[in-house]
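Shown next: data24.pdb, given as PDB, C-alpha atoms and all ligand atoms.
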```
ATOM      1  CA  MET A  96     101.871 107.993  91.878  1.00  0.00           C
ATOM      2  CA  GLY A  97     104.992 110.122  92.439  1.00  0.00           C
ATOM      3  CA  THR A  98     108.146 109.233  94.341  1.00  0.00           C
ATOM      4  CA  ILE A  99     108.283 107.952  97.913  1.00  0.00           C
ATOM      5  CA  ALA A 100     109.495 111.398  99.020  1.00  0.00           C
ATOM      6  CA  GLU A 101     106.516 113.058  97.316  1.00  0.00           C
ATOM      7  CA  ARG A 102     103.987 110.628  98.765  1.00  0.00           C
ATOM      8  CA  LEU A 103     105.519 110.979 102.214  1.00  0.00           C
ATOM      9  CA  LYS A 104     105.123 114.735 101.945  1.00  0.00           C
ATOM     10  CA  ILE A 105     101.474 114.346 100.930  1.00  0.00           C
ATOM     11  CA  ALA A 106     100.818 112.000 103.876  1.00  0.00           C
ATOM     12  CA  LEU A 107     102.419 114.482 106.287  1.00  0.00           C
ATOM     13  CA  LYS A 108     100.335 117.287 104.794  1.00  0.00           C
ATOM     14  CA  THR A 109      97.148 115.237 105.175  1.00  0.00           C
ATOM     15  CA  ILE A 110      98.009 114.635 108.834  1.00  0.00           C
ATOM     16  CA  THR A 111      98.641 118.340 109.458  1.00  0.00           C
ATOM     17  CA  GLN A 112      95.344 119.230 107.795  1.00  0.00           C
ATOM     18  CA  SER A 113      93.380 116.568 109.717  1.00  0.00           C
ATOM     19  CA  VAL A 114      94.908 117.693 113.022  1.00  0.00           C
ATOM     20  CA  CYS A 115      93.919 121.259 112.225  1.00  0.00           C
ATOM     21  CA  ASP A 116      90.366 120.260 111.161  1.00  0.00           C
ATOM     22  CA  ALA A 117      89.975 118.390 114.457  1.00  0.00           C
ATOM     23  CA  ASN A 118      91.106 121.454 116.433  1.00  0.00           C
ATOM     24  CA  ARG A 119      93.935 119.486 117.931  1.00  0.00           C
ATOM     25  CA  PRO A 120      97.371 120.899 118.811  1.00  0.00           C
ATOM     26  CA  ALA A 121      99.944 121.015 116.012  1.00  0.00           C
ATOM     27  CA  ASN A 122     102.316 118.033 115.953  1.00  0.00           C
ATOM     28  CA  SER A 123     100.047 115.878 118.105  1.00  0.00           C
ATOM     29  CA  VAL A 124     100.027 113.026 115.566  1.00  0.00           C
ATOM     30  CA  LYS A 125     103.092 111.088 114.423  1.00  0.00           C
ATOM     31  CA  LEU A 126     103.482 109.202 111.190  1.00  0.00           C
ATOM     32  CA  LEU A 127     104.792 105.643 111.369  1.00  0.00           C
ATOM     33  CA  ALA A 128     105.905 104.569 107.890  1.00  0.00           C
ATOM     34  CA  VAL A 129     104.996 100.892 107.451  1.00  0.00           C
ATOM     35  CA  THR A 130     107.492  99.110 105.203  1.00  0.00           C
ATOM     36  CA  LYS A 131     106.528  95.422 105.431  1.00  0.00           C
ATOM     37  CA  THR A 132     107.358  93.527 102.232  1.00  0.00           C
ATOM     38  CA  LYS A 133     109.115  96.617 100.817  1.00  0.00           C
ATOM     39  CA  PRO A 134     112.845  96.676 100.052  1.00  0.00           C
ATOM     40  CA  VAL A 135     115.464  98.381 102.188  1.00  0.00           C
ATOM     41  CA  SER A 136     115.996 100.864  99.329  1.00  0.00           C
ATOM     42  CA  ASP A 137     112.456 102.196  99.927  1.00  0.00           C
ATOM     43  CA  ILE A 138     113.294 102.787 103.585  1.00  0.00           C
ATOM     44  CA  VAL A 139     116.463 104.622 102.566  1.00  0.00           C
ATOM     45  CA  GLN A 140     114.449 106.878 100.246  1.00  0.00           C
ATOM     46  CA  ALA A 141     112.072 107.808 103.051  1.00  0.00           C
ATOM     47  CA  TYR A 142     115.030 108.277 105.397  1.00  0.00           C
ATOM     48  CA  GLU A 143     116.741 110.612 102.965  1.00  0.00           C
ATOM     49  CA  ALA A 144     113.494 112.573 102.764  1.00  0.00           C
ATOM     50  CA  GLY A 145     113.846 113.094 106.531  1.00  0.00           C
ATOM     51  CA  HIS A 146     111.697 110.297 107.936  1.00  0.00           C
ATOM     52  CA  ARG A 147     112.817 108.367 111.021  1.00  0.00           C
ATOM     53  CA  LEU A 148     109.875 106.232 112.301  1.00  0.00           C
ATOM     54  CA  PHE A 149     109.431 102.879 110.589  1.00  0.00           C
ATOM     55  CA  GLY A 150     107.116  99.953 111.280  1.00  0.00           C
ATOM     56  CA  GLU A 151     107.594  96.284 110.387  1.00  0.00           C
ATOM     57  CA  ASN A 152     105.207  93.323 110.748  1.00  0.00           C
ATOM     58  CA  TYR A 153     107.312  90.191 110.414  1.00  0.00           C
ATOM     59  CA  VAL A 154     110.064  89.318 112.874  1.00  0.00           C
ATOM     60  CA  GLN A 155     112.718  87.941 110.519  1.00  0.00           C
ATOM     61  CA  GLU A 156     112.132  90.508 107.790  1.00  0.00           C
ATOM     62  CA  GLY A 157     112.185  93.344 110.308  1.00  0.00           C
ATOM     63  CA  VAL A 158     115.360  92.186 112.064  1.00  0.00           C
ATOM     64  CA  ASP A 159     117.129  91.715 108.708  1.00  0.00           C
ATOM     65  CA  LYS A 160     116.276  95.276 107.696  1.00  0.00           C
ATOM     66  CA  ILE A 161     117.323  96.708 111.066  1.00  0.00           C
ATOM     67  CA  GLN A 162     120.679  94.963 110.741  1.00  0.00           C
ATOM     68  CA  GLN A 163     121.174  96.065 107.138  1.00  0.00           C
ATOM     69  CA  LEU A 164     120.405  99.645 108.141  1.00  0.00           C
ATOM     70  CA  SER A 165     122.374  99.628 111.390  1.00  0.00           C
ATOM     71  CA  GLU A 166     124.404 102.681 110.317  1.00  0.00           C
ATOM     72  CA  PHE A 167     121.151 104.698 110.249  1.00  0.00           C
ATOM     73  CA  SER A 168     121.252 104.742 114.005  1.00  0.00           C
ATOM     74  CA  ASP A 169     118.591 107.404 114.508  1.00  0.00           C
ATOM     75  CA  ILE A 170     115.810 105.290 112.977  1.00  0.00           C
ATOM     76  CA  GLU A 171     113.138 104.340 115.513  1.00  0.00           C
ATOM     77  CA  TRP A 172     111.926 100.808 114.723  1.00  0.00           C
ATOM     78  CA  HIS A 173     108.396  99.746 115.653  1.00  0.00           C
ATOM     79  CA  PHE A 174     107.209  96.139 115.604  1.00  0.00           C
ATOM     80  CA  ILE A 175     103.491  96.158 114.725  1.00  0.00           C
ATOM     81  CA  GLY A 176     102.708  92.592 113.638  1.00  0.00           C
ATOM     82  CA  PRO A 177     101.357  89.562 115.471  1.00  0.00           C
ATOM     83  CA  LEU A 178     103.950  88.146 117.841  1.00  0.00           C
ATOM     84  CA  GLN A 179     104.300  84.480 118.804  1.00  0.00           C
ATOM     85  CA  SER A 180     105.959  83.728 122.115  1.00  0.00           C
ATOM     86  CA  ASN A 181     108.837  81.776 120.531  1.00  0.00           C
ATOM     87  CA  LYS A 182     109.816  84.835 118.455  1.00  0.00           C
ATOM     88  CA  THR A 183     109.949  87.484 121.161  1.00  0.00           C
ATOM     89  CA  ARG A 184     113.722  87.473 121.670  1.00  0.00           C
ATOM     90  CA  PRO A 185     114.829  89.056 118.369  1.00  0.00           C
ATOM     91  CA  VAL A 186     112.067  91.640 118.806  1.00  0.00           C
ATOM     92  CA  ALA A 187     113.183  92.462 122.364  1.00  0.00           C
ATOM     93  CA  GLU A 188     116.781  92.749 121.192  1.00  0.00           C
ATOM     94  CA  ASN A 189     116.305  94.803 118.029  1.00  0.00           C
ATOM     95  CA  PHE A 190     113.202  96.998 118.092  1.00  0.00           C
ATOM     96  CA  HIS A 191     112.512 100.210 120.034  1.00  0.00           C
ATOM     97  CA  TRP A 192     108.748  99.763 120.183  1.00  0.00           C
ATOM     98  CA  VAL A 193     106.193  96.928 120.092  1.00  0.00           C
ATOM     99  CA  HIS A 194     102.565  97.876 119.326  1.00  0.00           C
ATOM    100  CA  SER A 195     101.098  94.394 119.361  1.00  0.00           C
ATOM    101  CA  ILE A 196     101.172  93.056 122.920  1.00  0.00           C
ATOM    102  CA  ASP A 197      97.925  91.230 123.489  1.00  0.00           C
ATOM    103  CA  ARG A 198      98.641  88.906 126.399  1.00  0.00           C
ATOM    104  CA  LEU A 199     100.684  88.620 129.551  1.00  0.00           C
ATOM    105  CA  LYS A 200     103.005  85.878 128.332  1.00  0.00           C
ATOM    106  CA  ILE A 201     104.296  88.030 125.455  1.00  0.00           C
ATOM    107  CA  ALA A 202     104.890  90.978 127.781  1.00  0.00           C
ATOM    108  CA  GLN A 203     106.723  88.796 130.304  1.00  0.00           C
ATOM    109  CA  ARG A 204     109.007  87.329 127.674  1.00  0.00           C
ATOM    110  CA  LEU A 205     109.815  90.728 126.158  1.00  0.00           C
ATOM    111  CA  ASN A 206     110.571  92.051 129.638  1.00  0.00           C
ATOM    112  CA  ASP A 207     112.849  89.095 130.438  1.00  0.00           C
ATOM    113  CA  GLN A 208     114.660  89.304 127.100  1.00  0.00           C
ATOM    114  CA  ARG A 209     115.091  93.082 126.936  1.00  0.00           C
ATOM    115  CA  SER A 210     118.377  94.418 128.222  1.00  0.00           C
ATOM    116  CA  ALA A 211     117.977  96.524 131.336  1.00  0.00           C
ATOM    117  CA  HIS A 212     119.996  99.191 129.545  1.00  0.00           C
ATOM    118  CA  LYS A 213     117.032 100.792 127.767  1.00  0.00           C
ATOM    119  CA  THR A 214     113.348 100.027 128.162  1.00  0.00           C
ATOM    120  CA  LEU A 215     111.209  98.745 125.309  1.00  0.00           C
ATOM    121  CA  ASN A 216     108.220 100.996 124.558  1.00  0.00           C
ATOM    122  CA  VAL A 217     105.032  98.980 124.276  1.00  0.00           C
ATOM    123  CA  CYS A 218     101.376  99.367 123.388  1.00  0.00           C
ATOM    124  CA  ILE A 219      98.583  96.950 124.151  1.00  0.00           C
ATOM    125  CA  GLN A 220      96.775  95.875 121.005  1.00  0.00           C
ATOM    126  CA  VAL A 221      93.014  95.932 121.516  1.00  0.00           C
ATOM    127  CA  ASN A 222      90.546  93.866 119.501  1.00  0.00           C
ATOM    128  CA  VAL A 223      88.019  96.675 119.693  1.00  0.00           C
ATOM    129  CA  ASP A 224      85.378  95.066 117.471  1.00  0.00           C
ATOM    130  CA  ASN A 225      85.735  91.617 119.033  1.00  0.00           C
ATOM    131  CA  GLU A 226      86.597  89.900 115.768  1.00  0.00           C
ATOM    132  CA  SER A 227      87.468  86.228 116.110  1.00  0.00           C
ATOM    133  CA  SER A 228      89.956  86.494 113.220  1.00  0.00           C
ATOM    134  CA  LYS A 229      91.895  89.334 114.796  1.00  0.00           C
ATOM    135  CA  ALA A 230      94.669  89.588 117.364  1.00  0.00           C
ATOM    136  CA  GLY A 231      94.374  91.865 120.337  1.00  0.00           C
ATOM    137  CA  ALA A 232      93.260  91.833 123.943  1.00  0.00           C
ATOM    138  CA  ALA A 233      89.532  92.018 124.640  1.00  0.00           C
ATOM    139  CA  MET A 234      88.330  95.363 125.991  1.00  0.00           C
ATOM    140  CA  ASP A 235      87.781  93.916 129.465  1.00  0.00           C
ATOM    141  CA  GLU A 236      91.311  92.466 129.639  1.00  0.00           C
ATOM    142  CA  VAL A 237      93.111  95.754 129.017  1.00  0.00           C
ATOM    143  CA  SER A 238      93.050  97.158 132.520  1.00  0.00           C
ATOM    144  CA  ALA A 239      94.647  94.085 134.161  1.00  0.00           C
ATOM    145  CA  LEU A 240      97.225  93.750 131.389  1.00  0.00           C
ATOM    146  CA  ALA A 241      98.156  97.438 131.722  1.00  0.00           C
ATOM    147  CA  GLU A 242      98.702  96.971 135.435  1.00  0.00           C
ATOM    148  CA  GLN A 243     100.920  93.928 134.905  1.00  0.00           C
ATOM    149  CA  ILE A 244     102.992  95.607 132.193  1.00  0.00           C
ATOM    150  CA  SER A 245     103.426  98.738 134.290  1.00  0.00           C
ATOM    151  CA  ALA A 246     105.170  96.667 136.932  1.00  0.00           C
ATOM    152  CA  MET A 247     107.755  95.310 134.444  1.00  0.00           C
ATOM    153  CA  PRO A 248     111.076  97.118 134.752  1.00  0.00           C
ATOM    154  CA  ASN A 249     112.260  96.676 131.167  1.00  0.00           C
ATOM    155  CA  LEU A 250     109.026  97.746 129.461  1.00  0.00           C
ATOM    156  CA  THR A 251     107.482 101.212 129.307  1.00  0.00           C
ATOM    157  CA  LEU A 252     103.752 101.166 128.673  1.00  0.00           C
ATOM    158  CA  ARG A 253     103.108 103.927 126.115  1.00  0.00           C
ATOM    159  CA  GLY A 254      99.515 103.254 125.129  1.00  0.00           C
ATOM    160  CA  LEU A 255      97.119 101.326 122.935  1.00  0.00           C
ATOM    161  CA  MET A 256      97.005 100.102 119.358  1.00  0.00           C
ATOM    162  CA  THR A 257      94.063  98.889 117.321  1.00  0.00           C
ATOM    163  CA  ILE A 258      93.071  97.743 113.847  1.00  0.00           C
ATOM    164  CA  PRO A 259      89.322  98.335 113.730  1.00  0.00           C
ATOM    165  CA  LYS A 260      86.995  96.272 111.628  1.00  0.00           C
ATOM    166  CA  ALA A 261      86.341  97.611 108.132  1.00  0.00           C
ATOM    167  CA  GLN A 262      82.796  98.942 108.318  1.00  0.00           C
ATOM    168  CA  GLN A 263      80.296  99.836 105.628  1.00  0.00           C
ATOM    169  CA  ASN A 264      79.950 103.385 106.801  1.00  0.00           C
ATOM    170  CA  GLU A 265      81.913 106.101 108.510  1.00  0.00           C
ATOM    171  CA  ASP A 266      79.601 106.386 111.521  1.00  0.00           C
ATOM    172  CA  MET A 267      80.171 102.755 112.462  1.00  0.00           C
ATOM    173  CA  GLN A 268      83.908 103.132 111.928  1.00  0.00           C
ATOM    174  CA  ARG A 269      83.905 106.256 114.093  1.00  0.00           C
ATOM    175  CA  LYS A 270      82.149 104.403 116.901  1.00  0.00           C
ATOM    176  CA  SER A 271      84.997 101.891 117.351  1.00  0.00           C
ATOM    177  CA  LEU A 272      87.628 104.602 117.126  1.00  0.00           C
ATOM    178  CA  LEU A 273      85.870 106.623 119.828  1.00  0.00           C
ATOM    179  CA  VAL A 274      85.647 103.576 122.100  1.00  0.00           C
ATOM    180  CA  MET A 275      89.435 103.381 121.813  1.00  0.00           C
ATOM    181  CA  LYS A 276      89.827 107.065 122.573  1.00  0.00           C
ATOM    182  CA  GLU A 277      87.733 106.645 125.732  1.00  0.00           C
ATOM    183  CA  LEU A 278      89.783 103.659 126.889  1.00  0.00           C
ATOM    184  CA  PHE A 279      93.001 105.553 126.147  1.00  0.00           C
ATOM    185  CA  LEU A 280      91.901 108.593 128.190  1.00  0.00           C
ATOM    186  CA  GLN A 281      90.862 106.353 131.073  1.00  0.00           C
ATOM    187  CA  LEU A 282      94.237 104.584 131.146  1.00  0.00           C
ATOM    188  CA  GLN A 283      96.049 107.903 130.939  1.00  0.00           C
ATOM    189  CA  THR A 284      94.518 109.027 134.214  1.00  0.00           C
ATOM    190  CA  LYS A 285      96.106 106.030 135.913  1.00  0.00           C
ATOM    191  CA  TYR A 286      99.412 105.898 134.023  1.00  0.00           C
ATOM    192  CA  PRO A 287     100.580 109.414 133.204  1.00  0.00           C
ATOM    193  CA  GLN A 288     103.425 108.233 130.925  1.00  0.00           C
ATOM    194  CA  ILE A 289     100.856 106.923 128.437  1.00  0.00           C
ATOM    195  CA  ASP A 290     100.906 109.158 125.352  1.00  0.00           C
ATOM    196  CA  THR A 291     100.251 106.922 122.356  1.00  0.00           C
ATOM    197  CA  LEU A 292      97.039 105.892 120.669  1.00  0.00           C
ATOM    198  CA  SER A 293      98.210 103.993 117.600  1.00  0.00           C
ATOM    199  CA  MET A 294      95.330 103.863 115.132  1.00  0.00           C
ATOM    200  CA  GLY A 295      94.643 104.846 111.543  1.00  0.00           C
ATOM    201  CA  MET A 296      96.079 103.370 108.338  1.00  0.00           C
ATOM    202  CA  SER A 297      96.189 104.585 104.722  1.00  0.00           C
ATOM    203  CA  ASN A 298      92.448 104.483 104.225  1.00  0.00           C
ATOM    204  CA  ASP A 299      91.167 105.748 107.581  1.00  0.00           C
ATOM    205  CA  MET A 300      93.861 108.100 108.817  1.00  0.00           C
ATOM    206  CA  GLN A 301      91.714 111.243 108.689  1.00  0.00           C
ATOM    207  CA  LEU A 302      88.903 109.676 110.679  1.00  0.00           C
ATOM    208  CA  ALA A 303      91.369 108.182 113.179  1.00  0.00           C
ATOM    209  CA  ILE A 304      92.906 111.617 113.734  1.00  0.00           C
ATOM    210  CA  GLU A 305      89.453 113.120 114.226  1.00  0.00           C
ATOM    211  CA  CYS A 306      88.935 110.436 116.903  1.00  0.00           C
ATOM    212  CA  GLY A 307      92.135 111.089 118.837  1.00  0.00           C
ATOM    213  CA  SER A 308      94.858 108.972 117.252  1.00  0.00           C
ATOM    214  CA  THR A 309      98.387 110.126 118.142  1.00  0.00           C
ATOM    215  CA  MET A 310     100.167 107.824 115.688  1.00  0.00           C
ATOM    216  CA  VAL A 311      98.957 106.721 112.274  1.00  0.00           C
ATOM    217  CA  ARG A 312     100.574 103.706 110.616  1.00  0.00           C
ATOM    218  CA  ILE A 313     100.805 104.334 106.884  1.00  0.00           C
ATOM    219  CA  GLY A 314     102.081 101.831 104.345  1.00  0.00           C
ATOM    220  CA  SER A 315     100.503 101.691 100.902  1.00  0.00           C
ATOM    221  CA  ALA A 316      99.785 105.423 100.611  1.00  0.00           C
ATOM    222  CA  ILE A 317     103.546 106.027 100.736  1.00  0.00           C
ATOM    223  CA  PHE A 318     105.167 102.864  99.369  1.00  0.00           C
ATOM    224  CA  GLY A 319     102.458 101.633  96.989  1.00  0.00           C
ATOM    225  CA  SER A 320     100.302  98.538  97.206  1.00  0.00           C
ATOM    226  CA  ARG A 321     101.752  95.243  98.421  1.00  0.00           C
ATOM    227  CA  GLN A 322     101.705  91.880  96.634  1.00  0.00           C
TER
HETATM  228  C1  LIG B   1     100.166  96.799 106.968  1.00  0.00           C
HETATM  229  C2  LIG B   1      99.788  97.486 108.220  1.00  0.00           C
HETATM  230  C3  LIG B   1      99.585  98.880 108.258  1.00  0.00           C
HETATM  231  C4  LIG B   1      99.653  99.757 107.035  1.00  0.00           C
HETATM  232  O1  LIG B   1      98.535  99.536 106.212  1.00  0.00           O
HETATM  233  P1  LIG B   1      98.251 100.402 104.887  1.00  0.00           P
HETATM  234  O2  LIG B   1      96.837 100.137 104.608  1.00  0.00           O
HETATM  235  O3  LIG B   1      99.191  99.897 103.842  1.00  0.00           O
HETATM  236  O4  LIG B   1      98.513 101.826 105.237  1.00  0.00           O
HETATM  237  C5  LIG B   1      99.299  99.451 109.478  1.00  0.00           C
HETATM  238  N1  LIG B   1      99.197  98.724 110.617  1.00  0.00           N
HETATM  239  C6  LIG B   1      99.389  97.400 110.615  1.00  0.00           C
HETATM  240  C7  LIG B   1      99.271  96.651 111.898  1.00  0.00           C
HETATM  241  C8  LIG B   1      99.672  96.745 109.428  1.00  0.00           C
HETATM  242  O5  LIG B   1      99.843  95.419 109.445  1.00  0.00           O
END
```
Structure encoded using structure tokens:
Amino acid sequence: MGTIAERLKIALKTITQSVCDANRPANSVKLLAVTKTKPVSDIVQAYEAGHRLFGENYVQEGVDKIQQLSEFSDIEWHFIGPLQSNKTRPVAENFHWVHSIDRLKIAQRLNDQRSAHKTLNVCIQVNVDNESSKAGAAMDEVSALAEQISAMPNLTLRGLMTIPKAQQNEDMQRKSLLVMKELFLQLQTKYPQIDTLSMGMSNDMQLAIECGSTMVRIGSAIFGSRQ
């Protein structure tokens, strides 16, 4: 298993190798370390190993950790979990990024509750495989939602996020990832500040990088399995 620092190093090496294999520019993929359900001491270990980008899924747990680690002021905190409209305020007030905007109401509330001092970076979550059990905007809702978010002064639209369906084979998995890449490139032509395609987790990060991901969200490969 190794230590968190060792596993982090392996994950970073895998990213570098996958980027190279895909003939993509060096440093074109970021690693978001996903620490949901893991103790603050795990985050500190990764921090001491040089890591600064962390992702949390649950509002209360995430805000508690951000407050406990407030002296680590150069951590960039990403909210990546499902977001209910009555819980947007603590997210707007504490996180730097939200990956999981899937409807207008959530975007509006985050915009209203964010201080005008510094914009909140946001991604639209896309339900690319149209799964009824999964959050995310439908493919055909993305364009209108992007336009609405772009007009909000306290949000900066940075891109798209997805959690594709687990498929039986790599070709089917690749298909969904490439649909996302296409949508991402299309949006980028309209909104030049868009630079983030958040896709790929512990078990599909290489394939996601092959298909254009710019940020992989890695939990268990670094911090071990969750309960
Ligand atoms: C938990 C989670 C991850 C990390 O998953 P692993 O398989 O542990 O790497 C990434 N993205 C989201 C949205 C998650 O909820």
Long-range neighbours of Lys108 (chain A) as a list in words, 12 Å cut-off, all atoms listed in the file, 3 positions minimum in chain: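 Listing them by chain and then by number gives Glu101, Arg102, Leu103, Lys104, Ile105, Thr111, Gln112, Ser113, Val114, Cys115, Ala121, Asn122, Val124, Lys125, Leu126, Met300 and Gln301 of chain A.
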What residues come out when you apply the PyMOL selection byres (((chain A and resi 252) around 8) and not hetatm) to this file, written as a CSV table (one decimal) with C-alpha atoms, keeping the file's coordinate frame?
```csv
chain,number,residue,atom,x,y,z
A,216,ASN,CA,108.2,101.0,124.6
A,217,VAL,CA,105.0,99.0,124.3
A,218,CYS,CA,101.4,99.4,123.4
A,241,ALA,CA,98.2,97.4,131.7
A,244,ILE,CA,103.0,95.6,132.2
A,245,SER,CA,103.4,98.7,134.3
A,250,LEU,CA,109.0,97.7,129.5
A,251,THR,CA,107.5,101.2,129.3
A,253,ARG,CA,103.1,103.9,126.1
A,254,GLY,CA,99.5,103.3,125.1
A,288,GLN,CA,103.4,108.2,130.9
A,289,ILE,CA,100.9,106.9,128.4
```
May I ask you to write as a list in words all residues lying at most 7 Å from ligand LIG 1 (chain B), with all atoms listed in the file counted?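 Listed by chain and ascending number, the contacts are Val129, Lys131, Asn152, Ile175, Gly176, Ile258, Met296, Ser297, Asn298, Arg312, Ile313, Gly314, Ser315, Ala316 and Ser320 of chain A.
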If I take CA of Phe149 (chain A) and CA of Leu127 (chain A), how far is one from the other in Å, to one decimal?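 Those two atoms sit 5.5 Å apart.
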Could you tell me how far CA of Val223 (chain A) sits from CA of Leu199 (chain A), in Å to one decimal place?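 Distance between the two atoms: 18.0 Å.
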Using only C-alpha atoms, which of the listed residues (A:Arg198, A:Arg269, A:Arg209, A:Lys229) sits closest to Gln179 (chain A)? A:Arg198
Measuring atom to atom with all atoms listed in the file, identify which of A:Asn249, A:Ser308, A:Gln162, A:Ser227 is nearest to Thr214 (chain A).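 Comparing A:Asn249, A:Ser308, A:Gln162, A:Ser227 against Thr214 (chain A), the winner is A:Asn249.
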Answer key for the PyMOL selection byres (((chain A and resi 174) around 9) and not hetatm), residues as a ChimeraX atom specification: /A:149-154,157,172-173,175-178,186,190-195
Using only C-alpha atoms, find the one residue out of A:Ser210, A:Ser271, A:Glu156, A:Ala187 that sits nearest to Asp224 (chain A).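 Using only C-alpha atoms, the shortest distance to Asp224 (chain A) belongs to A:Ser271.
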So which residues are close to (92.7, 106.5, 131.1), meaning at most 12 Å away in the file's coordinates with only C-alpha atoms counted, and can you show them as number ranges by chain? A: 237-238, 241, 253-255, 274-292
Across A:Arg119, A:Lys182, A:Lys270, A:Lys160, the smallest distance to Asp137 (chain A), with only C-alpha atoms counted, is shown by A:Lys160
Could you list the residues chosen by the PyMOL selection byres (((chain A and resi 138) around 10) and not hetatm) in this structure as number ranges by chain? A: 99, 128-130, 133-137, 139-144, 146-149, 160, 164, 318
Separation of CA of Asp197 (chain A) and CA of Ala261 (chain A), in Å?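 One can read the CA of Asp197 (chain A) to CA of Ala261 (chain A) distance as 20.3 Å.
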Using all atoms listed in the file for the distances, tell me which of A:Glu226, A:Arg321, A:Ser165, A:Leu302 is nearest to Met267 (chain A).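 Nearest to Met267 (chain A): A:Leu302.
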